[in-house]
file run_30.cif (mmCIF, C-alpha atoms)
data_start
#
loop_
_atom_site.label_atom_id
_atom_site.label_comp_id
_atom_site.auth_asym_id
_atom_site.auth_seq_id
_atom_site.Cartn_x
_atom_site.Cartn_y
_atom_site.Cartn_z
CA MET A 1 61.45 -96.56 21.27
CA SER A 2 64.28 -97.58 23.47
CA GLN A 3 67.89 -97.06 22.67
CA ALA A 4 70.61 -99.39 23.68
CA PRO A 5 71.89 -98.19 27.01
CA SER A 6 75.42 -96.92 27.15
CA GLU A 7 77.76 -95.97 29.88
CA SER A 8 77.22 -92.26 29.46
CA GLN A 9 73.53 -92.41 28.68
CA PRO A 10 72.01 -95.38 30.45
CA HIS A 11 68.47 -94.54 29.40
CA ASP A 12 66.81 -92.67 26.60
CA PRO A 13 64.88 -89.69 28.03
CA ALA A 14 61.70 -90.85 26.33
CA VAL A 15 62.04 -94.23 28.00
CA ILE A 16 62.52 -92.60 31.37
CA ARG A 17 59.50 -90.37 30.80
CA GLU A 18 57.32 -93.34 29.96
CA ALA A 19 58.60 -95.28 32.95
CA VAL A 20 57.78 -92.36 35.24
CA ARG A 21 54.38 -91.90 33.71
CA GLU A 22 53.53 -95.59 33.97
CA ARG A 23 54.59 -95.82 37.57
CA TYR A 24 52.65 -92.78 38.71
CA ALA A 25 49.63 -93.79 36.64
CA ARG A 26 49.65 -97.05 38.51
CA ALA A 27 49.79 -95.20 41.82
CA ALA A 28 46.85 -93.01 40.83
CA VAL A 29 44.74 -95.98 39.87
CA ARG A 30 45.61 -97.75 43.09
CA VAL A 31 44.58 -94.75 45.18
CA GLU A 32 41.35 -94.30 43.26
CA GLU A 33 40.49 -97.97 43.65
CA ALA A 34 41.30 -97.91 47.35
CA SER A 35 39.02 -94.94 47.83
CA GLY A 36 36.18 -96.81 46.22
CA GLY A 37 35.84 -94.37 43.36
CA ALA A 38 34.15 -95.65 40.25
CA SER A 39 36.72 -93.82 38.29
CA GLY A 40 36.80 -95.73 35.07
CA LEU A 41 40.56 -95.41 35.24
CA ARG A 42 42.30 -98.16 33.41
CA LEU A 43 45.22 -99.83 35.07
CA PRO A 44 48.02 -99.71 32.54
CA ASP A 45 49.06 -103.03 31.15
CA PRO A 46 52.81 -103.06 31.63
CA ALA A 47 53.30 -105.49 28.82
CA ARG A 48 51.56 -103.18 26.39
CA ASP A 49 51.95 -99.73 27.79
CA LEU A 50 55.45 -99.82 29.05
CA PRO A 51 58.21 -102.24 29.53
CA LEU A 52 59.40 -100.93 32.86
CA VAL A 53 62.90 -102.11 32.38
CA ASP A 54 65.27 -102.35 35.21
CA LEU A 55 68.65 -102.66 33.60
CA THR A 56 70.45 -103.33 36.82
CA PRO A 57 70.39 -106.97 37.75
CA ALA A 58 71.45 -106.24 41.29
CA ALA A 59 68.45 -104.04 41.88
CA ALA A 60 65.93 -106.10 39.99
CA GLY A 61 62.72 -106.58 41.86
CA GLU A 62 63.56 -103.94 44.39
CA ASP A 63 62.00 -100.56 44.05
CA ALA A 64 64.31 -97.69 44.59
CA CYS A 65 62.54 -95.85 47.28
CA CYS A 66 60.60 -98.60 48.88
CA GLY A 67 62.58 -101.75 49.20
CA PRO A 68 61.80 -104.27 51.89
CA SER A 69 63.49 -102.12 54.46
CA GLY A 70 61.22 -99.25 53.61
CA CYS A 71 62.48 -95.83 52.82
CA GLY A 72 62.15 -92.27 53.82
CA PRO A 73 63.40 -90.73 56.98
CA ALA A 74 64.92 -93.25 59.35
CA GLY A 75 63.43 -96.17 57.51
CA GLY A 76 59.97 -94.78 57.93
CA ASP A 77 57.11 -95.39 55.61
CA ALA A 78 57.20 -92.08 53.85
CA GLY A 79 58.39 -91.57 50.40
CA CYS A 80 58.13 -90.23 46.96
CA ALA A 81 57.64 -93.72 45.65
CA PRO A 82 54.03 -94.34 44.76
CA ASP A 83 54.05 -97.89 45.99
CA GLN A 84 53.78 -96.78 49.51
CA ILE A 85 51.58 -94.55 51.48
CA GLY A 86 52.46 -92.45 54.44
CA ALA A 87 54.11 -89.30 53.17
CA VAL A 88 51.34 -87.27 54.73
CA ALA A 89 52.08 -88.42 58.23
CA ALA A 90 55.78 -87.80 57.78
CA PHE A 91 55.79 -84.43 56.09
CA TYR A 92 52.61 -82.50 56.60
CA ARG A 93 51.22 -80.75 59.62
CA GLN A 94 48.31 -82.84 60.73
CA ALA A 95 46.00 -79.86 61.07
CA ASP A 96 46.55 -79.00 57.42
CA THR A 97 45.55 -82.37 56.08
CA ALA A 98 42.98 -83.56 58.61
CA ASP A 99 40.05 -82.52 56.47
CA LEU A 100 41.31 -83.99 53.21
CA PRO A 101 39.88 -87.27 51.90
CA ALA A 102 42.06 -90.36 51.60
CA SER A 103 42.05 -90.12 47.83
CA ILE A 104 44.12 -86.97 48.27
CA THR A 105 46.32 -87.90 51.20
CA ASP A 106 46.98 -91.43 49.92
CA ALA A 107 48.24 -89.95 46.67
CA ALA A 108 50.74 -87.72 48.46
CA LEU A 109 53.98 -89.03 47.05
CA GLY A 110 56.28 -86.19 47.87
CA CYS A 111 59.23 -85.71 50.15
CA GLY A 112 58.23 -82.55 51.93
CA ASP A 113 55.56 -79.90 52.40
CA PRO A 114 56.23 -77.11 49.89
CA THR A 115 53.16 -75.11 50.80
CA ALA A 116 54.45 -74.76 54.36
CA LEU A 117 57.68 -73.42 52.89
CA ALA A 118 55.99 -71.11 50.44
CA GLU A 119 54.65 -68.44 52.82
CA LEU A 120 51.57 -68.10 50.67
CA GLU A 121 49.39 -65.06 50.94
CA ARG A 122 45.78 -64.56 50.03
CA GLY A 123 45.17 -63.73 46.43
CA GLU A 124 48.40 -65.22 45.11
CA THR A 125 48.72 -67.37 41.99
CA VAL A 126 50.51 -70.66 42.60
CA LEU A 127 51.82 -73.15 40.05
CA ASP A 128 52.52 -76.76 41.11
CA LEU A 129 54.96 -78.65 38.89
CA GLY A 130 53.91 -82.29 38.79
CA SER A 131 50.71 -81.93 40.78
CA GLY A 132 49.83 -85.63 41.02
CA GLY A 133 46.74 -86.29 43.10
CA GLY A 134 46.67 -82.62 44.01
CA ILE A 135 47.46 -82.50 47.73
CA ASP A 136 49.82 -79.54 47.53
CA CYS A 137 47.40 -77.69 45.24
CA PHE A 138 44.54 -78.13 47.68
CA LEU A 139 46.67 -77.02 50.63
CA ALA A 140 47.83 -74.00 48.64
CA ALA A 141 44.24 -73.26 47.65
CA LYS A 142 43.23 -72.92 51.28
CA LEU A 143 46.04 -70.46 51.88
CA VAL A 144 45.55 -68.23 48.86
CA GLY A 145 41.80 -68.19 49.36
CA PRO A 146 39.04 -67.75 46.81
CA GLU A 147 40.67 -64.64 45.36
CA GLY A 148 43.85 -66.59 44.65
CA ARG A 149 44.32 -69.47 42.27
CA VAL A 150 46.34 -72.60 41.95
CA ILE A 151 47.35 -74.37 38.75
CA GLY A 152 48.61 -77.93 38.77
CA VAL A 153 50.50 -79.29 35.77
CA ASP A 154 51.03 -83.02 35.33
CA MET A 155 51.70 -85.28 32.37
CA THR A 156 49.97 -88.41 33.69
CA ASP A 157 46.36 -88.86 32.63
CA GLU A 158 45.50 -91.05 35.58
CA MET A 159 46.87 -88.54 38.08
CA LEU A 160 45.00 -85.71 36.33
CA ALA A 161 41.78 -87.70 36.48
CA LEU A 162 42.34 -88.45 40.17
CA ALA A 163 43.14 -84.79 40.84
CA ALA A 164 39.99 -83.66 39.02
CA ARG A 165 37.88 -86.01 41.12
CA ASN A 166 39.61 -84.83 44.26
CA ARG A 167 38.84 -81.27 43.27
CA GLU A 168 35.18 -82.16 43.10
CA ARG A 169 35.38 -83.92 46.44
CA VAL A 170 36.80 -80.90 48.23
CA GLY A 171 35.07 -78.26 46.13
CA ALA A 172 38.24 -76.34 45.44
CA ALA A 173 36.97 -73.92 42.81
CA ASN A 174 40.24 -72.00 42.74
CA VAL A 175 42.31 -74.99 41.64
CA GLU A 176 42.86 -75.94 38.00
CA PHE A 177 44.66 -78.92 36.54
CA ARG A 178 46.10 -79.17 33.09
CA LYS A 179 48.07 -81.73 31.21
CA GLY A 180 51.46 -80.46 30.33
CA GLN A 181 55.18 -80.87 30.50
CA ILE A 182 57.04 -79.08 33.23
CA GLU A 183 59.84 -78.59 30.71
CA ALA A 184 57.46 -76.67 28.38
CA LEU A 185 54.93 -74.95 30.61
CA PRO A 186 51.69 -73.73 29.05
CA VAL A 187 51.76 -70.68 31.29
CA GLU A 188 52.30 -67.07 30.39
CA ASP A 189 55.49 -65.20 31.22
CA ALA A 190 55.57 -63.44 34.60
CA SER A 191 52.10 -64.59 35.63
CA VAL A 192 52.77 -66.65 38.78
CA ASP A 193 53.66 -65.56 42.32
CA VAL A 194 54.95 -68.89 43.57
CA VAL A 195 56.17 -72.07 41.92
CA ILE A 196 55.89 -75.14 44.14
CA SER A 197 56.79 -78.77 43.45
CA ASN A 198 57.14 -81.88 45.57
CA CYS A 199 59.64 -84.54 44.64
CA VAL A 200 59.10 -84.16 40.90
CA ILE A 201 61.99 -82.19 39.43
CA ASN A 202 64.31 -85.14 40.03
CA LEU A 203 62.12 -87.12 37.63
CA SER A 204 62.71 -84.73 34.75
CA THR A 205 65.30 -85.58 32.14
CA ASP A 206 65.81 -81.88 31.36
CA LYS A 207 66.10 -80.03 34.64
CA GLU A 208 67.63 -76.97 33.03
CA ALA A 209 64.45 -76.56 31.01
CA VAL A 210 62.30 -77.00 34.13
CA LEU A 211 64.16 -74.28 36.01
CA ARG A 212 64.26 -71.98 32.98
CA GLU A 213 60.50 -72.38 32.59
CA ALA A 214 59.88 -71.82 36.30
CA TRP A 215 61.88 -68.60 36.10
CA ARG A 216 60.00 -67.49 32.98
CA VAL A 217 56.52 -67.91 34.44
CA LEU A 218 57.34 -66.27 37.77
CA LYS A 219 56.60 -62.61 38.25
CA PRO A 220 59.57 -60.43 39.17
CA GLY A 221 60.13 -61.10 42.86
CA GLY A 222 58.30 -64.43 42.56
CA ARG A 223 59.26 -67.38 44.74
CA PHE A 224 60.47 -70.87 43.92
CA ARG A 225 59.60 -73.17 46.86
CA VAL A 226 60.27 -76.80 46.22
CA SER A 227 60.75 -80.07 48.05
CA ASP A 228 62.91 -82.59 46.26
CA LEU A 229 65.53 -85.23 46.82
CA VAL A 230 69.13 -84.13 46.46
CA LEU A 231 72.40 -86.00 46.69
CA THR A 232 75.39 -85.31 48.89
CA ARG A 233 77.55 -87.90 47.16
CA ALA A 234 77.98 -89.34 43.69
CA LEU A 235 75.59 -92.10 42.72
CA SER A 236 76.96 -95.56 42.40
CA ARG A 237 77.06 -96.99 38.91
CA GLU A 238 74.28 -99.38 39.86
CA GLU A 239 72.07 -96.59 41.18
CA ALA A 240 72.66 -94.45 38.13
CA ARG A 241 71.73 -97.24 35.74
CA SER A 242 68.63 -98.49 37.51
CA MET A 243 65.27 -97.49 36.06
CA ALA A 244 63.67 -98.27 39.41
CA GLU A 245 66.01 -95.74 40.95
CA TRP A 246 64.87 -93.20 38.36
CA THR A 247 61.18 -93.66 38.93
CA GLY A 248 61.85 -93.87 42.66
CA CYS A 249 63.30 -90.35 42.63
CA VAL A 250 66.97 -91.19 43.29
CA ALA A 251 68.84 -91.73 40.01
CA GLY A 252 67.64 -88.41 38.58
CA ALA A 253 68.27 -86.42 41.73
CA LEU A 254 70.87 -83.68 41.47
CA HIS A 255 73.75 -83.18 43.81
CA ARG A 256 72.85 -80.35 46.17
CA ASP A 257 75.55 -78.11 44.72
CA ALA A 258 74.42 -78.88 41.18
CA PHE A 259 70.83 -77.97 42.07
CA ALA A 260 71.89 -74.68 43.59
CA GLY A 261 74.14 -74.00 40.62
CA ALA A 262 71.37 -74.77 38.15
CA LEU A 263 69.03 -72.36 39.93
CA ALA A 264 71.65 -69.62 39.80
CA ALA A 265 72.34 -70.38 36.14
CA ALA A 266 68.62 -70.05 35.42
CA GLY A 267 68.70 -66.55 36.88
CA PHE A 268 67.42 -67.13 40.39
CA ALA A 269 68.70 -65.21 43.41
CA ASP A 270 68.66 -66.01 47.14
CA VAL A 271 69.14 -69.70 46.45
CA ARG A 272 68.87 -71.82 49.59
CA LEU A 273 68.90 -75.56 50.09
CA ARG A 274 68.09 -76.96 53.48
CA LEU A 275 68.72 -80.63 53.88
CA GLY A 276 66.10 -82.70 55.61
CA ALA A 277 65.88 -86.34 56.47
CA ALA A 278 68.20 -88.84 54.81
CA TRP A 279 66.42 -91.15 52.39
CA ARG A 280 69.48 -93.31 52.49
CA ASP A 281 73.13 -92.56 52.82
CA GLY A 282 73.86 -89.48 50.72
CA VAL A 283 70.27 -89.01 49.50
CA HIS A 284 68.28 -86.38 51.34
CA SER A 285 64.98 -84.65 51.09
CA ALA A 286 65.60 -80.93 50.80
CA GLN A 287 63.70 -77.69 51.02
CA ILE A 288 64.81 -75.57 48.12
CA SER A 289 63.96 -71.92 47.82
CA ALA A 290 64.95 -69.19 45.42
CA ARG A 291 63.63 -65.89 44.13
CA LYS A 292 63.31 -64.35 40.72
CA PRO A 293 64.99 -60.95 40.98
CA GLY A 294 62.79 -57.96 40.44
CA MET B 1 38.78 -75.30 33.04
CA HIS B 2 37.71 -71.87 34.15
CA ARG B 3 37.37 -69.21 31.50
CA ASP B 4 39.14 -66.67 33.68
CA LEU B 5 42.33 -68.72 33.53
CA MET B 6 42.60 -68.01 29.84
CA GLU B 7 44.56 -64.90 30.55
CA ILE B 8 47.60 -66.84 31.74
CA LEU B 9 47.26 -69.89 29.49
CA VAL B 10 49.65 -70.01 26.58
CA CYS B 11 50.86 -72.36 23.90
CA PRO B 12 53.70 -74.44 25.39
CA VAL B 13 55.68 -74.05 22.17
CA THR B 14 55.25 -70.42 21.13
CA LYS B 15 54.18 -69.05 24.55
CA GLU B 16 51.55 -67.02 22.77
CA LEU B 17 47.97 -66.71 23.94
CA LEU B 18 45.47 -69.29 22.79
CA GLU B 19 42.02 -68.94 21.32
CA LEU B 20 39.33 -70.78 23.29
CA VAL B 21 36.68 -72.71 21.39
CA VAL B 22 33.98 -74.10 23.67
CA GLU B 23 31.99 -77.17 22.76
CA GLU B 24 30.48 -77.89 26.16
CA GLU B 25 30.41 -75.91 29.36
CA ALA B 26 28.76 -75.80 32.74
CA GLY B 27 28.57 -72.35 34.25
CA ASP B 28 32.03 -70.82 34.10
CA GLU B 29 33.65 -74.21 33.55
CA VAL B 30 34.66 -75.33 30.08
CA LEU B 31 34.22 -79.10 29.90
CA ARG B 32 35.03 -79.77 26.27
CA GLY B 33 36.49 -77.82 23.42
CA HIS B 34 39.93 -76.78 22.37
CA LEU B 35 42.56 -74.11 22.62
CA TYR B 36 43.80 -72.97 19.23
CA SER B 37 47.36 -71.87 18.63
CA LYS B 38 47.27 -69.77 15.52
CA ALA B 39 51.04 -69.54 15.13
CA ILE B 40 51.49 -73.29 14.78
CA ASP B 41 47.93 -74.08 13.65
CA PHE B 42 47.37 -76.63 16.41
CA ARG B 43 44.31 -77.40 18.51
CA TYR B 44 45.00 -78.37 22.11
CA PRO B 45 42.02 -80.45 23.20
CA ILE B 46 40.00 -79.84 26.37
CA GLU B 47 38.41 -83.03 27.65
CA ASP B 48 36.59 -83.53 30.93
CA GLY B 49 37.54 -79.98 31.84
CA ILE B 50 41.28 -80.64 31.57
CA PRO B 51 43.19 -78.97 28.74
CA ASN B 52 45.91 -81.10 27.19
CA LEU B 53 48.77 -78.69 26.69
CA LEU B 54 51.52 -81.16 26.02
CA PRO B 55 53.61 -80.00 23.08
CA PRO B 56 52.17 -81.32 19.78
CA GLU B 57 54.95 -83.85 19.17
CA MET B 58 54.30 -85.38 22.59
CA GLN B 59 50.61 -85.58 21.89
CA ALA B 60 51.46 -87.41 18.68
CA ALA B 61 53.69 -89.80 20.62
CA ASP B 62 50.88 -90.34 23.13
CA ALA B 63 48.46 -91.19 20.38
CA ALA B 64 50.94 -93.53 18.72
CA GLU B 65 51.45 -95.41 21.94
CA GLY B 66 47.76 -95.53 22.71
CA SER B 67 48.26 -94.16 26.19
CA ASP B 68 44.78 -92.79 26.32
CA ALA B 69 43.97 -93.96 29.81
CA GLY B 70 41.84 -91.76 31.94
CA ALA B 71 39.44 -90.99 29.13
#

call {"tool": "encode", "arguments": {"input": "run_30.cif", "output": "structure tokens"}}
result
Amino acid sequence: MSQAPSESQPHDPAVIREAVRERYARAAVRVEEASGGASGLRLPDPARDLPLVDLTPAAAGEDACCGPSGCGPAGGDAGCAPDQIGAVAAFYRQADTADLPASITDAALGCGDPTALAELERGETVLDLGSGGGIDCFLAAKLVGPEGRVIGVDMTDEMLALAARNRERVGAANVEFRKGQIEALPVEDASVDVVISNCVINLSTDKEAVLREAWRVLKPGGRFRVSDLVLTRALSREEARSMAEWTGCVAGALHRDAFAGALAAAGFADVRLRLGAAWRDGVHSAQISARKPG
Amino acid sequence: MHRDLMEILVCPVTKELLELVVEEEAGDEVLRGHLYSKAIDFRYPIEDGIPNLLPPEMQAADAAEGSDAGA
């Protein structure tokens, strides 16, 4: 399924998608195993399921977001990369997450706390793009209350299975997970109050489609409240060509101006990007907010 | 999957509403069944309470690659 890489198109989108799915599947299985769950989840066999190819010799063996020096703010242990745990301590308010089991907090692979940004109100409908183990869904569920609802969309079976188990563990009846593509959302037009997402949009190979879909499903006046990595410089050739940098949330990240421009092009108003901690030089976590006019 | 979510669930391709066919349920929760898209004559499966609403060509690619983990 892979195409020969070229200068302009280092990776086929389908190859990237599979690499992302494999890596996050692995993270889900690891979390489930660590939590002692008899999940029946199968650890993907990389040889069969996905050749996770790193085409950059210089970066071989070093994961993008979690090299030996660690990653995340100031070399801390937080990160969007699933090979490490600690995003909760870095990004979430302790009071919000204190009552969540490890199988939720250990699977927090984001780069921010979108529910804190979202100003959620009781009764609202929230959609989480790339919901993973579900942490942001469960936090949102507490805020919107039983009369609100939260829908998590993810394409990784193992993450969906972990999220479903986590839902049982916390008894969040107002949270639903479904398998889907964030580029082709199975959600009705103008049905959602708030779209949230945490370090996932960078992983998409068609960000225009993601933003177009987010705009479509939002109600008029609906909010887009997202944490993601953004760039403040051009990627090096090595970074851009590295599959590990893709799955580690860097190679697919947009420049901050490009992200803001893409939101405006999709029809959003009140676009704001607030840069947070530097992941590395020129790569920052960011709080991104916008509004669908109406 | 809760029945009351049906109202905002649509086909990812046509964005039209889907027809729910329940094979197994517990209370308000649909555990197994499918969501039928009449316009493209496709059944989106519901397994273990989670509807698979990937576009049909991606489901075909999934099946071809045998990435059926989590079942």

call {"tool": "residues_around", "arguments": {"input": "run_30.cif", "residues": "stretch 1-3 of chain B", "least_positions_apart": "5", "cutoff": "8 Å", "atoms": "all atoms listed in the file", "output": "VMD selection string"}}
result
(chain A and resid 176 to 177) or (chain B and resid 28 to 31 49 to 51)

call {"tool": "interface_residues", "arguments": {"input": "run_30.cif", "of": "chain A", "to": "chain B", "cutoff": "7 Å", "atoms": "all atoms listed in the file", "output": "list in words"}}
result
Leu41, Arg42, Asp49, Asp157, Glu158, Ala161, Glu176, Phe177, Arg178, Lys179, Gly180, Gln181, Ala184, Leu185, Pro186, Val187, Glu188 and Ser191 of chain A

call {"tool": "resolve_selection", "arguments": {"input": "run_30.cif", "expression": "the PyMOL selection byres ((chain A and resi 120) around 9)", "output": "JSON, numbers by chain"}}
result
{"A": [115, 116, 117, 118, 119, 121, 122, 123, 124, 126, 140, 143, 144, 193, 194]}

call {"tool": "atom_distance", "arguments": {"input": "run_30.cif", "atom1": "atom CA of A:Ala258", "atom2": "atom CA of A:Ile196"}}
result
19.1 Å

call {"tool": "resolve_selection", "arguments": {"input": "run_30.cif", "expression": "the PyMOL selection byres ((chain B and resi 35) around 7)", "output": "ChimeraX atom specification"}}
result
/B:18-21,34,36-37,43-45

call {"tool": "atom_distance", "arguments": {"input": "run_30.cif", "atom1": "atom CA of B:Ala60", "atom2": "atom CA of A:Ala14"}}
result
13.2 Å

call {"tool": "resolve_selection", "arguments": {"input": "run_30.cif", "expression": "the PyMOL selection byres ((chain A and resi 159) around 8)", "output": "PyMOL selection string"}}
result
chain A and resi 24-25+28-29+132-133+154+156-158+160-163

call {"tool": "closest_residue", "arguments": {"input": "run_30.cif", "among": "A:His255, A:Asp128, A:Val250, A:Asn174", "to": "A:Val192", "atoms": "all atoms listed in the file"}}
result
A:Asp128

call {"tool": "residues_near_point", "arguments": {"input": "run_30.cif", "point": "(70.6, -83.6, 39.1)", "cutoff": "10 Å", "atoms": "only C-alpha atoms", "output": "ChimeraX atom specification"}}
result
/A:201-208,229-231,250-259,262

call {"tool": "write_last_selection", "arguments": {"input": "run_30.cif", "atoms": "C-alpha atoms", "output": "PDB file, keeping the file's coordinate frame"}}
result
ATOM      1  CA  ILE A 201      61.990 -82.190  39.430  1.00  0.00           C
ATOM      2  CA  ASN A 202      64.310 -85.140  40.030  1.00  0.00           C
ATOM      3  CA  LEU A 203      62.120 -87.120  37.630  1.00  0.00           C
ATOM      4  CA  SER A 204      62.710 -84.730  34.750  1.00  0.00           C
ATOM      5  CA  THR A 205      65.300 -85.580  32.140  1.00  0.00           C
ATOM      6  CA  ASP A 206      65.810 -81.880  31.360  1.00  0.00           C
ATOM      7  CA  LYS A 207      66.100 -80.030  34.640  1.00  0.00           C
ATOM      8  CA  GLU A 208      67.630 -76.970  33.030  1.00  0.00           C
ATOM      9  CA  LEU A 229      65.530 -85.230  46.820  1.00  0.00           C
ATOM     10  CA  VAL A 230      69.130 -84.130  46.460  1.00  0.00           C
ATOM     11  CA  LEU A 231      72.400 -86.000  46.690  1.00  0.00           C
ATOM     12  CA  VAL A 250      66.970 -91.190  43.290  1.00  0.00           C
ATOM     13  CA  ALA A 251      68.840 -91.730  40.010  1.00  0.00           C
ATOM     14  CA  GLY A 252      67.640 -88.410  38.580  1.00  0.00           C
ATOM     15  CA  ALA A 253      68.270 -86.420  41.730  1.00  0.00           C
ATOM     16  CA  LEU A 254      70.870 -83.680  41.470  1.00  0.00           C
ATOM     17  CA  HIS A 255      73.750 -83.180  43.810  1.00  0.00           C
ATOM     18  CA  ARG A 256      72.850 -80.350  46.170  1.00  0.00           C
ATOM     19  CA  ASP A 257      75.550 -78.110  44.720  1.00  0.00           C
ATOM     20  CA  ALA A 258      74.420 -78.880  41.180  1.00  0.00           C
ATOM     21  CA  PHE A 259      70.830 -77.970  42.070  1.00  0.00           C
ATOM     22  CA  ALA A 262      71.370 -74.770  38.150  1.00  0.00           C
TER      23      ALA A 262
END

call {"tool": "closest_residue", "arguments": {"input": "run_30.cif", "among": "A:Ser35, A:Gly134, A:Arg169, A:Cys249", "to": "A:Ser103", "atoms": "only C-alpha atoms"}}
result
A:Ser35

call {"tool": "build_atoms", "arguments": {"input": "run_30.cif", "residues": "stretch 170-191 of chain A", "atoms": "N, CA and C atoms", "output": "compact mmCIF listing (two decimals), in the frame of the given file"}}
result
# COMPACT_ATOMS: atom_id res chain seq x y z
N VAL A 170 36.56 -81.96 47.24
CA VAL A 170 36.80 -80.90 48.23
C VAL A 170 36.23 -79.55 47.79
N GLY A 171 35.70 -79.50 46.59
CA GLY A 171 35.07 -78.26 46.13
C GLY A 171 36.03 -77.10 46.01
N ALA A 172 37.23 -77.40 45.55
CA ALA A 172 38.24 -76.34 45.44
C ALA A 172 38.09 -75.64 44.09
N ALA A 173 37.27 -74.60 44.08
CA ALA A 173 36.97 -73.92 42.81
C ALA A 173 38.15 -73.11 42.30
N ASN A 174 39.10 -72.82 43.17
CA ASN A 174 40.24 -72.00 42.74
C ASN A 174 41.45 -72.82 42.33
N VAL A 175 41.23 -74.13 42.10
CA VAL A 175 42.31 -74.99 41.64
C VAL A 175 41.99 -75.49 40.24
N GLU A 176 43.00 -75.48 39.38
CA GLU A 176 42.86 -75.94 38.00
C GLU A 176 43.96 -76.94 37.70
N PHE A 177 43.63 -77.98 36.97
CA PHE A 177 44.66 -78.92 36.54
C PHE A 177 44.75 -78.91 35.03
N ARG A 178 45.95 -79.04 34.53
CA ARG A 178 46.10 -79.17 33.09
C ARG A 178 47.23 -80.14 32.78
N LYS A 179 47.04 -80.79 31.64
CA LYS A 179 48.07 -81.73 31.21
C LYS A 179 49.17 -80.96 30.52
N GLY A 180 50.37 -81.17 30.95
CA GLY A 180 51.46 -80.46 30.33
C GLY A 180 52.80 -81.00 30.79
N GLN A 181 53.81 -80.49 30.17
CA GLN A 181 55.18 -80.87 30.50
C GLN A 181 55.79 -79.76 31.33
N ILE A 182 56.44 -80.13 32.41
CA ILE A 182 57.04 -79.08 33.23
C ILE A 182 58.25 -78.47 32.54
N GLU A 183 58.72 -79.13 31.49
CA GLU A 183 59.84 -78.59 30.71
C GLU A 183 59.34 -77.60 29.64
N ALA A 184 58.05 -77.57 29.39
CA ALA A 184 57.46 -76.67 28.38
C ALA A 184 56.12 -76.21 28.92
N LEU A 185 56.15 -75.32 29.88
CA LEU A 185 54.93 -74.95 30.61
C LEU A 185 53.97 -74.14 29.74
N PRO A 186 52.70 -74.48 29.81
CA PRO A 186 51.69 -73.73 29.05
C PRO A 186 51.18 -72.53 29.85
N VAL A 187 52.10 -71.78 30.38
CA VAL A 187 51.76 -70.68 31.29
C VAL A 187 52.49 -69.42 30.83
N GLU A 188 51.77 -68.33 30.90
CA GLU A 188 52.30 -67.07 30.39
C GLU A 188 53.50 -66.57 31.20
N ASP A 189 54.34 -65.81 30.55
CA ASP A 189 55.49 -65.20 31.22
C ASP A 189 55.01 -64.35 32.40
N ALA A 190 55.77 -64.36 33.48
CA ALA A 190 55.57 -63.44 34.60
C ALA A 190 54.12 -63.38 35.08
N SER A 191 53.52 -64.56 35.24
CA SER A 191 52.10 -64.59 35.63
C SER A 191 51.87 -65.29 36.97
